[in-house]
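> Pasting in a structure now, in structure tokens, and then I'll have a few things to ask.
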Amino acid sequence: MSALLQLEGLRYAQGGRTILEIPALEVREGETLAILGATGSGKSTLLRLMNFLLTPQAGIFAWRGKTVTRPVPLSLRRRVAMAFQEPLLFQGTVSQNVAYGLALRGLRGAAAHSKVDEMLRLFHIDHLRHRSTRHLSGGEAQRTALARALVIEPELLLLDEPLASLDLPTKEQLADELKHLLGRRSITCAYVTHDQEEAVAIADRVAVLENGRLEQVGAPEEIFYHPRTPFVARFVRTGNVLLGAVEQSKDGLAVIRLQEKWLEAVSDVPVGRQVWVCLRPEDVLLSQEERISPSRDSARNHLAGVITAMRSNGATTQVALDCGFPLLALITRRSALDLSLSPGDRLVASFKATALHLIEEGDTEKR
Amino acid sequence: MVVGVPLGVWLGIRRFLGRGLLVTLVNTGMGLPPVVVGLFVFLLLARSGPLGNLELLYTPTAMVIAQVIIATPLVVGVTMAAIQGLDERLRLQILSLGASPPQYFWKLIIEARLSLLAALAAGFGSIISEVGAVMMVGGNLRGETRVMTTAIVLETRQGNFSMAIALSLILLLLALLINLLFTWLQQRRGA
């Protein structure tokens, strides 16, 4: 896929404080790039820079390979549209709002009506067309805002946490619809969110931002299973991110010392290196000591531990263990009930050598 | 309105060196005593004044100049507050949908029209009730520069209370009608 928008050497500061510093980033034609980051990481600022609403102190923007000149021509600005977390609807009716971008481009009458009608149908708000925007629910308002941004058929759609203020069922439904729509129409989209699940649900690639710096860009699986920095690992809820040292390394299998315990991981990291050991809680299998012999399964790591805390999150339960180091495991709520688990119980935690991902401590500094 | 609204919008959205001073001047102007304005316009237009050769003193033009000076800071101030009162992201939203600068300017006016009508009502109120300045620069000349308020003052001084009351009622009715129009524009459905 070729790049639609490329940024190089971007630096943006406000009030003497650097908000963003990104050596390089591109949004490819037809992809949905999720920009994932915590509050204050600079992700919304990045989106506003991509929308040419802000001027950076340094950096080159290229649109389909051609350098963008400043002030940015209106014709280029009009190829990009943006929707925010709040619907930010104008006074008037739903259809007047959806038609606004078309009116700006001089498109009125029958041609505009048919485009507006199509968008209203796509977002299931055609029955609300004459309703005042003051009398819409949160979901209806956000659908209107998305229809308003999409009706102008932007070459680049920028979405700034568009689902963050919606209730969970509405959010999930709209996320599905949006993903379907973006895919079917091959719309290039940069999608800002702080929610890793939303990012995975909608994105082809994910860029993780931290304090205005790009930590990692890659496919969702890469970000989730092969985070490049401890920050990314923690941000995508890896759960277990622990510092250890490689003591042996042979035939692609490394033995890591973690406090007074030893773990085996599939890795080529050389002996002597300090590593961050990343293990997703859902990859940890729990069994009761007296019933299952650790040697029977395919997992290479088996650690005895004591439950220190349990937290239920709806259908799942997070179990915190003390195995000589703190370890988090995620099991279904039903399993927790079946095993009658409670703090103080002794368990065996098992996980495969392939489930461990190692980040070399030096790599973090090299970035 | 022609001067005050655009200036208010401009002050509401732009950040530049000296803006703070300009805003202070506008705020001061909002509380400017009309008599002081009348005095300055009088001195400006008086035969020996810098613009004396224009021979505008005691003409309706002089009265309009004074009224504009009195009303403009009010309209600018309230307009600026109205524009600044809009959500900053709403302003970004307008731009991000591809508005050109004039389209952006116009949309801001439309979105802030509730408050802008209040600005116009404030400006209108200050003008229609004004006596001191128009009397000073207009001279209250019958058939030329006599307006309702100055006529009421004159009739009261001459003891023609019934005429003064009648004129007052007409003035009140006029104010009521204009404000009814403003209120209708402001509060109508979908606005």
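By convention in this document, the chains of the structure tokens carry letters A, B, ... by their order, each chain's residues are numbered from 1, and ligands are numbered from 1 in the order they are shown.
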Can you tell me which residues surround Glu222 (chain A) at a distance of at most 12 Å, considering only C-alpha atoms, apart from same-chain residues fewer than 4 positions away, and format the answer as a PyMOL selection string?
chain A and resi 200+204-208+216-218+226-228+232-233+236+357
> Find the residues around region 125-128 of chain B up to 10 Å (only C-alpha atoms counted), leave out those fewer than 4 positions away in its own chain, and share them as a ChimeraX atom specification.
/B:34,64,66-68,70-71,74,119-121,134,147-149,171-172,174-175,178-179
> Which chain B residues are at most 9 Å from chain A (counting only C-alpha atoms), as a PyMOL selection string?
chain B and resi 87+89-90+92-100+103+110-111+189-191
> What's the separation between CA of Leu185 (chain B) and CA of Asn97 (chain A), in Å to one decimal place?
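So the two atoms, CA of Leu185 (chain B) and CA of Asn97 (chain A), lie 20.1 Å apart.
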> Among region 74-205 of chain A, which ones does DSSP place in helix (DSSP H, G or I), written as a ChimeraX atom specification?
/A:74-77,94-104,109-122,126-128,133-135,138-150,168-184,196-202
> I want to know what sits within 9 Å of Arg146 (chain B), based on only C-alpha atoms, with residues of the same chain fewer than 6 positions away left out; could you give that as a list in words?
Pro60, Val134, Met135, Gly138, Gly139 and Asn140 of chain B
> Save the residues we just selected, C-alpha atoms, as a short mmCIF file (atom, residue, chain, number, x, y, z; two decimals), in the first residue's frame?

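Written output follows (selection-v7.cif):
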data_model
loop_
_atom_site.label_atom_id
_atom_site.label_comp_id
_atom_site.auth_asym_id
_atom_site.auth_seq_id
_atom_site.Cartn_x
_atom_site.Cartn_y
_atom_site.Cartn_z
CA PRO B 60 -27.92 63.86 11.69
CA VAL B 134 -27.19 63.35 20.50
CA MET B 135 -28.28 66.57 22.12
CA GLY B 138 -27.18 67.28 17.13
CA GLY B 139 -28.37 70.40 18.85
CA ASN B 140 -31.98 69.15 19.08
#
> Just the residues within 12 Å of Ala265 (chain A), please, counting only C-alpha atoms, with nothing from its chain fewer than 2 positions along; format it as a VMD selection string.
chain A and resid 244 to 257 262 to 263 267 to 269 275 to 279 299 to 301 351 to 359
> Could you give me, as a list in words, the residues within 10 Å of Ala81 (chain B), counting only C-alpha atoms and dropping anything in the same chain fewer than 3 positions from it?
Gly8, Val9, Leu11, Gly12, Val75, Val76, Gly77, Val78, Gln84, Gly85, Leu86, Ala112, Ser115, Leu116 and Ala119 of chain B
> DSSP says strand (DSSP E or B) for which residues of region 52-128 of chain A? Put them as a list in words?
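Those in region 52-128 of chain A that DSSP calls strand (DSSP E or B) are Ala58, Gly59, Ile60, Phe61, Ala62, Trp63, Lys66, Thr67, Val80, Ala81, Met82, Ala83 and Thr93 of chain A.
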> Please determine, counting only C-alpha atoms, which residue among A:Pro220, A:Gly109, A:Gly183, A:Gly139 has the shortest atom-to-atom distance to Asp167 (chain A).
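Smallest separation from Asp167 (chain A) among the options: A:Gly139.
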